[in-house]
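S.K.: Handing you a structure now.
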Amino acid sequence: MPNLSPTDANFLRMAYEEALAGFNEGGCPIGSVLAERERLIARGRNQRVQQGDPIAHGEMDCLRKAGRQKSYRKMTLYTSLSPCMMCTGTILQFGIPRVVVGEAQNF
């Protein structure tokens with residue numbers, strides 16, 4: 001993982017673990033992690049197939065699991081695949097200032 005700090009590499013690895021778990025459940029292999037500095041807030045994975053929910057993307061699942069936070073201004077969202085328009089809009093609405101994307105070629 002070039003040009004990533006050890007913290008970023010660790011959280012992105014967790015997002016990939018979530019993606020693999022989703023794949024092993026028969027779903028889309030997309031995972032996400034929300035962190036504040038070095039503290040894990042939540043992890044999630046795409047649940048579209050498993051739940052039959054068209055908006056249960058990895059980022060949305062992660063943010064749901066994070067619950068309501070006072071502020072997202074010091075947080076980073078890690079995602080195994082570039083966020084779609086819906087997830088990007090949610091990231092902007094929540095004011096998450098930083099997103100680390102693992103792969104952006106296939107979406």
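Residue names in the structure tokens use chain letters A, B, ... in the order shown, residue numbers from 1 in each chain, and ligand numbers from 1 in the order shown.
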Would you kindly return, as a VMD selection string, each protein, DNA or RNA residue with an atom no farther than 9 Å from any atom of Ile91 of chain A, considering only C-alpha atoms and excluding same-chain residues fewer than 6 positions away?
M.R.: chain A and resid 59 77 97 99
S.K.: Would you pick out the contacts of Gly102 of chain A at 8 Å or less, using only C-alpha atoms, so that residues sharing its chain but fewer than 4 positions from it are not included, and give the list as a PyMOL selection string?
M.R.: chain A and resi 12+78-82
S.K.: Please identify all polymer residues within 12 Å of Cys28 of chain A, counting only C-alpha atoms, omitting same-chain residues fewer than 5 positions from it, and present them as a count of residues only.
M.R.: 21
S.K.: Excluding Arg39 of chain A and its own-chain neighbours fewer than 2 positions away, which residues fall within 12 Å of it when counting only C-alpha atoms? Please give them as a ChimeraX atom specification.
M.R.: /A:7-8,10-11,33-37,41-43,74-77
S.K.: Which is closest to Ser5 of chain A among A:Glu38, A:Asp53, A:Asp61, A:Glu103, if we use only C-alpha atoms?
M.R.: A:Glu38
S.K.: Under the rule that only C-alpha atoms are counted, which of A:Val100, A:Leu63, A:Ile30, A:Met86 is the nearest residue to Asn3 of chain A?
M.R.: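 Using only C-alpha atoms, Asn3 of chain A sits closest to A:Val100.
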S.K.: Which one of A:Ile55, A:Cys62, A:Cys87, A:Ala104 sits closest to Met14 of chain A if you count only C-alpha atoms?
M.R.: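 Counting only C-alpha atoms, the residue closest to Met14 of chain A is A:Cys62.
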S.K.: Step one, run DSSP on the backbone; step two, keep only residues of chain A assigned to alpha helix (DSSP H); then write them as a PDB file with N, CA and C atoms, in the first residue's frame.
M.R.:
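Contents of out-v4.pdb, as written:
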```pdb
ATOM      1  N   PRO A   6       1.123   4.029   8.570  1.00  0.00           N
ATOM      2  CA  PRO A   6       0.773   2.743   9.182  1.00  0.00           C
ATOM      3  C   PRO A   6      -0.684   2.710   9.664  1.00  0.00           C
ATOM      4  N   THR A   7      -1.176   3.824  10.190  1.00  0.00           N
ATOM      5  CA  THR A   7      -2.570   3.889  10.640  1.00  0.00           C
ATOM      6  C   THR A   7      -3.522   3.727   9.467  1.00  0.00           C
ATOM      7  N   ASP A   8      -3.266   4.452   8.380  1.00  0.00           N
ATOM      8  CA  ASP A   8      -4.119   4.328   7.197  1.00  0.00           C
ATOM      9  C   ASP A   8      -4.083   2.908   6.642  1.00  0.00           C
ATOM     10  N   ALA A   9      -2.907   2.320   6.577  1.00  0.00           N
ATOM     11  CA  ALA A   9      -2.781   0.953   6.061  1.00  0.00           C
ATOM     12  C   ALA A   9      -3.562  -0.027   6.926  1.00  0.00           C
ATOM     13  N   ASN A  10      -3.520   0.148   8.239  1.00  0.00           N
ATOM     14  CA  ASN A  10      -4.241  -0.729   9.157  1.00  0.00           C
ATOM     15  C   ASN A  10      -5.751  -0.623   8.948  1.00  0.00           C
ATOM     16  N   PHE A  11      -6.274   0.593   8.884  1.00  0.00           N
ATOM     17  CA  PHE A  11      -7.719   0.756   8.716  1.00  0.00           C
ATOM     18  C   PHE A  11      -8.179   0.331   7.324  1.00  0.00           C
ATOM     19  N   LEU A  12      -7.375   0.556   6.311  1.00  0.00           N
ATOM     20  CA  LEU A  12      -7.738   0.104   4.969  1.00  0.00           C
ATOM     21  C   LEU A  12      -7.731  -1.426   4.914  1.00  0.00           C
ATOM     22  N   ARG A  13      -6.813  -2.048   5.624  1.00  0.00           N
ATOM     23  CA  ARG A  13      -6.792  -3.515   5.713  1.00  0.00           C
ATOM     24  C   ARG A  13      -8.089  -4.015   6.348  1.00  0.00           C
ATOM     25  N   MET A  14      -8.579  -3.314   7.364  1.00  0.00           N
ATOM     26  CA  MET A  14      -9.854  -3.691   7.981  1.00  0.00           C
ATOM     27  C   MET A  14     -11.002  -3.579   6.979  1.00  0.00           C
ATOM     28  N   ALA A  15     -10.976  -2.540   6.161  1.00  0.00           N
ATOM     29  CA  ALA A  15     -12.011  -2.382   5.130  1.00  0.00           C
ATOM     30  C   ALA A  15     -11.959  -3.558   4.157  1.00  0.00           C
ATOM     31  N   TYR A  16     -10.755  -3.994   3.792  1.00  0.00           N
ATOM     32  CA  TYR A  16     -10.619  -5.162   2.916  1.00  0.00           C
ATOM     33  C   TYR A  16     -11.118  -6.432   3.607  1.00  0.00           C
ATOM     34  N   GLU A  17     -10.906  -6.544   4.916  1.00  0.00           N
ATOM     35  CA  GLU A  17     -11.432  -7.694   5.661  1.00  0.00           C
ATOM     36  C   GLU A  17     -12.955  -7.714   5.598  1.00  0.00           C
ATOM     37  N   GLU A  18     -13.569  -6.540   5.728  1.00  0.00           N
ATOM     38  CA  GLU A  18     -15.027  -6.449   5.616  1.00  0.00           C
ATOM     39  C   GLU A  18     -15.487  -6.833   4.211  1.00  0.00           C
ATOM     40  N   ALA A  19     -14.744  -6.392   3.204  1.00  0.00           N
ATOM     41  CA  ALA A  19     -15.084  -6.746   1.822  1.00  0.00           C
ATOM     42  C   ALA A  19     -15.030  -8.261   1.628  1.00  0.00           C
ATOM     43  N   LEU A  20     -14.005  -8.892   2.155  1.00  0.00           N
ATOM     44  CA  LEU A  20     -13.874 -10.342   2.045  1.00  0.00           C
ATOM     45  C   LEU A  20     -15.015 -11.051   2.774  1.00  0.00           C
ATOM     46  N   ALA A  21     -15.382 -10.552   3.947  1.00  0.00           N
ATOM     47  CA  ALA A  21     -16.498 -11.145   4.690  1.00  0.00           C
ATOM     48  C   ALA A  21     -17.789 -11.049   3.877  1.00  0.00           C
ATOM     49  N   GLY A  22     -18.019  -9.909   3.242  1.00  0.00           N
ATOM     50  CA  GLY A  22     -19.201  -9.757   2.397  1.00  0.00           C
ATOM     51  C   GLY A  22     -19.184 -10.724   1.228  1.00  0.00           C
ATOM     52  N   PHE A  23     -18.035 -10.886   0.601  1.00  0.00           N
ATOM     53  CA  PHE A  23     -17.883 -11.835  -0.506  1.00  0.00           C
ATOM     54  C   PHE A  23     -18.185 -13.254  -0.033  1.00  0.00           C
ATOM     55  N   ASN A  24     -17.651 -13.620   1.145  1.00  0.00           N
ATOM     56  CA  ASN A  24     -17.871 -14.960   1.689  1.00  0.00           C
ATOM     57  C   ASN A  24     -19.331 -15.213   2.044  1.00  0.00           C
ATOM     58  N   ARG A  48     -26.213  -5.411   0.254  1.00  0.00           N
ATOM     59  CA  ARG A  48     -27.293  -5.366  -0.738  1.00  0.00           C
ATOM     60  C   ARG A  48     -27.886  -6.744  -1.006  1.00  0.00           C
ATOM     61  N   VAL A  49     -27.049  -7.723  -1.247  1.00  0.00           N
ATOM     62  CA  VAL A  49     -27.522  -9.070  -1.560  1.00  0.00           C
ATOM     63  C   VAL A  49     -28.057  -9.749  -0.306  1.00  0.00           C
ATOM     64  N   GLN A  50     -27.296  -9.690   0.782  1.00  0.00           N
ATOM     65  CA  GLN A  50     -27.664 -10.388   2.004  1.00  0.00           C
ATOM     66  C   GLN A  50     -28.996  -9.893   2.568  1.00  0.00           C
ATOM     67  N   GLN A  51     -29.239  -8.582   2.528  1.00  0.00           N
ATOM     68  CA  GLN A  51     -30.452  -8.003   3.109  1.00  0.00           C
ATOM     69  C   GLN A  51     -31.516  -7.673   2.065  1.00  0.00           C
ATOM     70  N   GLY A  58     -21.496  -0.560   1.496  1.00  0.00           N
ATOM     71  CA  GLY A  58     -20.515  -0.712   2.568  1.00  0.00           C
ATOM     72  C   GLY A  58     -20.361   0.527   3.427  1.00  0.00           C
ATOM     73  N   GLU A  59     -20.308   1.693   2.786  1.00  0.00           N
ATOM     74  CA  GLU A  59     -20.159   2.947   3.528  1.00  0.00           C
ATOM     75  C   GLU A  59     -21.397   3.229   4.374  1.00  0.00           C
ATOM     76  N   MET A  60     -22.575   2.964   3.815  1.00  0.00           N
ATOM     77  CA  MET A  60     -23.821   3.205   4.548  1.00  0.00           C
ATOM     78  C   MET A  60     -23.927   2.265   5.752  1.00  0.00           C
ATOM     79  N   ASP A  61     -23.555   0.997   5.569  1.00  0.00           N
ATOM     80  CA  ASP A  61     -23.575   0.031   6.662  1.00  0.00           C
ATOM     81  C   ASP A  61     -22.631   0.469   7.778  1.00  0.00           C
ATOM     82  N   CYS A  62     -21.459   0.931   7.407  1.00  0.00           N
ATOM     83  CA  CYS A  62     -20.480   1.408   8.382  1.00  0.00           C
ATOM     84  C   CYS A  62     -21.022   2.609   9.160  1.00  0.00           C
ATOM     85  N   LEU A  63     -21.594   3.569   8.450  1.00  0.00           N
ATOM     86  CA  LEU A  63     -22.119   4.768   9.111  1.00  0.00           C
ATOM     87  C   LEU A  63     -23.315   4.442   9.997  1.00  0.00           C
ATOM     88  N   ARG A  64     -24.149   3.499   9.581  1.00  0.00           N
ATOM     89  CA  ARG A  64     -25.262   3.059  10.442  1.00  0.00           C
ATOM     90  C   ARG A  64     -24.723   2.458  11.735  1.00  0.00           C
ATOM     91  N   LYS A  65     -23.710   1.614  11.607  1.00  0.00           N
ATOM     92  CA  LYS A  65     -23.126   0.964  12.787  1.00  0.00           C
ATOM     93  C   LYS A  65     -22.414   1.962  13.696  1.00  0.00           C
ATOM     94  N   ALA A  66     -21.944   3.060  13.130  1.00  0.00           N
ATOM     95  CA  ALA A  66     -21.279   4.093  13.937  1.00  0.00           C
ATOM     96  C   ALA A  66     -22.268   4.812  14.842  1.00  0.00           C
ATOM     97  N   MET A  85     -22.274   7.753  -5.923  1.00  0.00           N
ATOM     98  CA  MET A  85     -22.842   9.094  -5.712  1.00  0.00           C
ATOM     99  C   MET A  85     -23.646   9.177  -4.410  1.00  0.00           C
ATOM    100  N   MET A  86     -24.431   8.146  -4.096  1.00  0.00           N
ATOM    101  CA  MET A  86     -25.225   8.147  -2.868  1.00  0.00           C
ATOM    102  C   MET A  86     -24.312   8.210  -1.642  1.00  0.00           C
ATOM    103  N   CYS A  87     -23.295   7.369  -1.628  1.00  0.00           N
ATOM    104  CA  CYS A  87     -22.385   7.338  -0.484  1.00  0.00           C
ATOM    105  C   CYS A  87     -21.555   8.613  -0.404  1.00  0.00           C
ATOM    106  N   THR A  88     -21.150   9.138  -1.551  1.00  0.00           N
ATOM    107  CA  THR A  88     -20.416  10.406  -1.578  1.00  0.00           C
ATOM    108  C   THR A  88     -21.270  11.525  -1.004  1.00  0.00           C
ATOM    109  N   GLY A  89     -22.538  11.561  -1.369  1.00  0.00           N
ATOM    110  CA  GLY A  89     -23.448  12.572  -0.829  1.00  0.00           C
ATOM    111  C   GLY A  89     -23.582  12.462   0.680  1.00  0.00           C
ATOM    112  N   THR A  90     -23.654  11.236   1.183  1.00  0.00           N
ATOM    113  CA  THR A  90     -23.753  11.027   2.629  1.00  0.00           C
ATOM    114  C   THR A  90     -22.472  11.473   3.326  1.00  0.00           C
ATOM    115  N   ILE A  91     -21.330  11.165   2.743  1.00  0.00           N
ATOM    116  CA  ILE A  91     -20.041  11.592   3.297  1.00  0.00           C
ATOM    117  C   ILE A  91     -19.995  13.116   3.386  1.00  0.00           C
ATOM    118  N   LEU A  92     -20.428  13.782   2.327  1.00  0.00           N
ATOM    119  CA  LEU A  92     -20.455  15.252   2.321  1.00  0.00           C
ATOM    120  C   LEU A  92     -21.450  15.794   3.341  1.00  0.00           C
ATOM    121  N   GLN A  93     -22.632  15.195   3.410  1.00  0.00           N
ATOM    122  CA  GLN A  93     -23.653  15.654   4.355  1.00  0.00           C
ATOM    123  C   GLN A  93     -23.175  15.509   5.798  1.00  0.00           C
ATOM    124  N   PHE A  94     -22.481  14.430   6.103  1.00  0.00           N
ATOM    125  CA  PHE A  94     -21.982  14.207   7.459  1.00  0.00           C
ATOM    126  C   PHE A  94     -20.754  15.055   7.764  1.00  0.00           C
TER     127      PHE A  94
END
```
S.K.: Assign secondary structure with DSSP using the backbone only, and return the residues of chain A in strand (DSSP E) as number ranges by chain.
M.R.: A: 31-36, 39-45, 75-79, 98-101
S.K.: Take the selection from the previous step and output its residues with N, CA and C atoms, as a PDB file, in the first residue's frame.
M.R.:
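Output file result01.pdb is given in full below:
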```
ATOM      1  N   GLY A  31     -16.011  -3.097   1.495  1.00  0.00           N
ATOM      2  CA  GLY A  31     -15.969  -2.864   2.929  1.00  0.00           C
ATOM      3  C   GLY A  31     -15.589  -1.439   3.254  1.00  0.00           C
ATOM      4  N   SER A  32     -15.921  -1.025   4.474  1.00  0.00           N
ATOM      5  CA  SER A  32     -15.663   0.346   4.894  1.00  0.00           C
ATOM      6  C   SER A  32     -15.384   0.398   6.391  1.00  0.00           C
ATOM      7  N   VAL A  33     -14.579   1.383   6.779  1.00  0.00           N
ATOM      8  CA  VAL A  33     -14.222   1.597   8.184  1.00  0.00           C
ATOM      9  C   VAL A  33     -14.264   3.093   8.463  1.00  0.00           C
ATOM     10  N   LEU A  34     -14.804   3.468   9.613  1.00  0.00           N
ATOM     11  CA  LEU A  34     -14.795   4.855  10.067  1.00  0.00           C
ATOM     12  C   LEU A  34     -13.891   4.940  11.286  1.00  0.00           C
ATOM     13  N   ALA A  35     -12.960   5.886  11.259  1.00  0.00           N
ATOM     14  CA  ALA A  35     -12.010   6.039  12.361  1.00  0.00           C
ATOM     15  C   ALA A  35     -11.812   7.509  12.694  1.00  0.00           C
ATOM     16  N   GLU A  36     -11.509   7.750  13.956  1.00  0.00           N
ATOM     17  CA  GLU A  36     -11.128   9.088  14.411  1.00  0.00           C
ATOM     18  C   GLU A  36      -9.696   8.986  14.911  1.00  0.00           C
ATOM     19  N   ARG A  39      -8.488   5.693  16.484  1.00  0.00           N
ATOM     20  CA  ARG A  39      -9.562   4.971  17.174  1.00  0.00           C
ATOM     21  C   ARG A  39     -10.609   4.488  16.175  1.00  0.00           C
ATOM     22  N   LEU A  40     -10.862   3.198  16.190  1.00  0.00           N
ATOM     23  CA  LEU A  40     -11.896   2.619  15.338  1.00  0.00           C
ATOM     24  C   LEU A  40     -13.267   3.036  15.861  1.00  0.00           C
ATOM     25  N   ILE A  41     -14.103   3.565  14.975  1.00  0.00           N
ATOM     26  CA  ILE A  41     -15.473   3.932  15.331  1.00  0.00           C
ATOM     27  C   ILE A  41     -16.432   2.827  14.902  1.00  0.00           C
ATOM     28  N   ALA A  42     -16.310   2.370  13.647  1.00  0.00           N
ATOM     29  CA  ALA A  42     -17.205   1.326  13.138  1.00  0.00           C
ATOM     30  C   ALA A  42     -16.620   0.704  11.885  1.00  0.00           C
ATOM     31  N   ARG A  43     -17.127  -0.481  11.565  1.00  0.00           N
ATOM     32  CA  ARG A  43     -16.790  -1.170  10.322  1.00  0.00           C
ATOM     33  C   ARG A  43     -18.084  -1.670   9.708  1.00  0.00           C
ATOM     34  N   GLY A  44     -18.086  -1.757   8.387  1.00  0.00           N
ATOM     35  CA  GLY A  44     -19.276  -2.257   7.709  1.00  0.00           C
ATOM     36  C   GLY A  44     -18.930  -2.835   6.357  1.00  0.00           C
ATOM     37  N   ARG A  45     -19.925  -3.510   5.750  1.00  0.00           N
ATOM     38  CA  ARG A  45     -19.722  -4.086   4.424  1.00  0.00           C
ATOM     39  C   ARG A  45     -21.010  -4.000   3.633  1.00  0.00           C
ATOM     40  N   MET A  75     -12.709  12.742  11.564  1.00  0.00           N
ATOM     41  CA  MET A  75     -12.792  11.339  11.171  1.00  0.00           C
ATOM     42  C   MET A  75     -12.330  11.113   9.742  1.00  0.00           C
ATOM     43  N   THR A  76     -11.976   9.869   9.497  1.00  0.00           N
ATOM     44  CA  THR A  76     -11.610   9.409   8.162  1.00  0.00           C
ATOM     45  C   THR A  76     -12.458   8.188   7.848  1.00  0.00           C
ATOM     46  N   LEU A  77     -12.987   8.145   6.633  1.00  0.00           N
ATOM     47  CA  LEU A  77     -13.705   6.972   6.158  1.00  0.00           C
ATOM     48  C   LEU A  77     -12.786   6.227   5.200  1.00  0.00           C
ATOM     49  N   TYR A  78     -12.588   4.950   5.463  1.00  0.00           N
ATOM     50  CA  TYR A  78     -11.779   4.082   4.610  1.00  0.00           C
ATOM     51  C   TYR A  78     -12.736   3.173   3.857  1.00  0.00           C
ATOM     52  N   THR A  79     -12.536   3.033   2.565  1.00  0.00           N
ATOM     53  CA  THR A  79     -13.412   2.188   1.769  1.00  0.00           C
ATOM     54  C   THR A  79     -12.602   1.405   0.748  1.00  0.00           C
ATOM     55  N   ARG A  98     -12.192  13.443   5.225  1.00  0.00           N
ATOM     56  CA  ARG A  98     -11.129  12.649   4.586  1.00  0.00           C
ATOM     57  C   ARG A  98     -11.639  11.252   4.270  1.00  0.00           C
ATOM     58  N   VAL A  99     -11.384  10.815   3.045  1.00  0.00           N
ATOM     59  CA  VAL A  99     -11.754   9.472   2.605  1.00  0.00           C
ATOM     60  C   VAL A  99     -10.520   8.827   1.980  1.00  0.00           C
ATOM     61  N   VAL A 100     -10.214   7.620   2.412  1.00  0.00           N
ATOM     62  CA  VAL A 100      -9.112   6.853   1.839  1.00  0.00           C
ATOM     63  C   VAL A 100      -9.732   5.711   1.041  1.00  0.00           C
ATOM     64  N   VAL A 101      -9.442   5.689  -0.251  1.00  0.00           N
ATOM     65  CA  VAL A 101     -10.036   4.717  -1.171  1.00  0.00           C
ATOM     66  C   VAL A 101      -8.999   3.668  -1.540  1.00  0.00           C
TER      67      VAL A 101
END
```
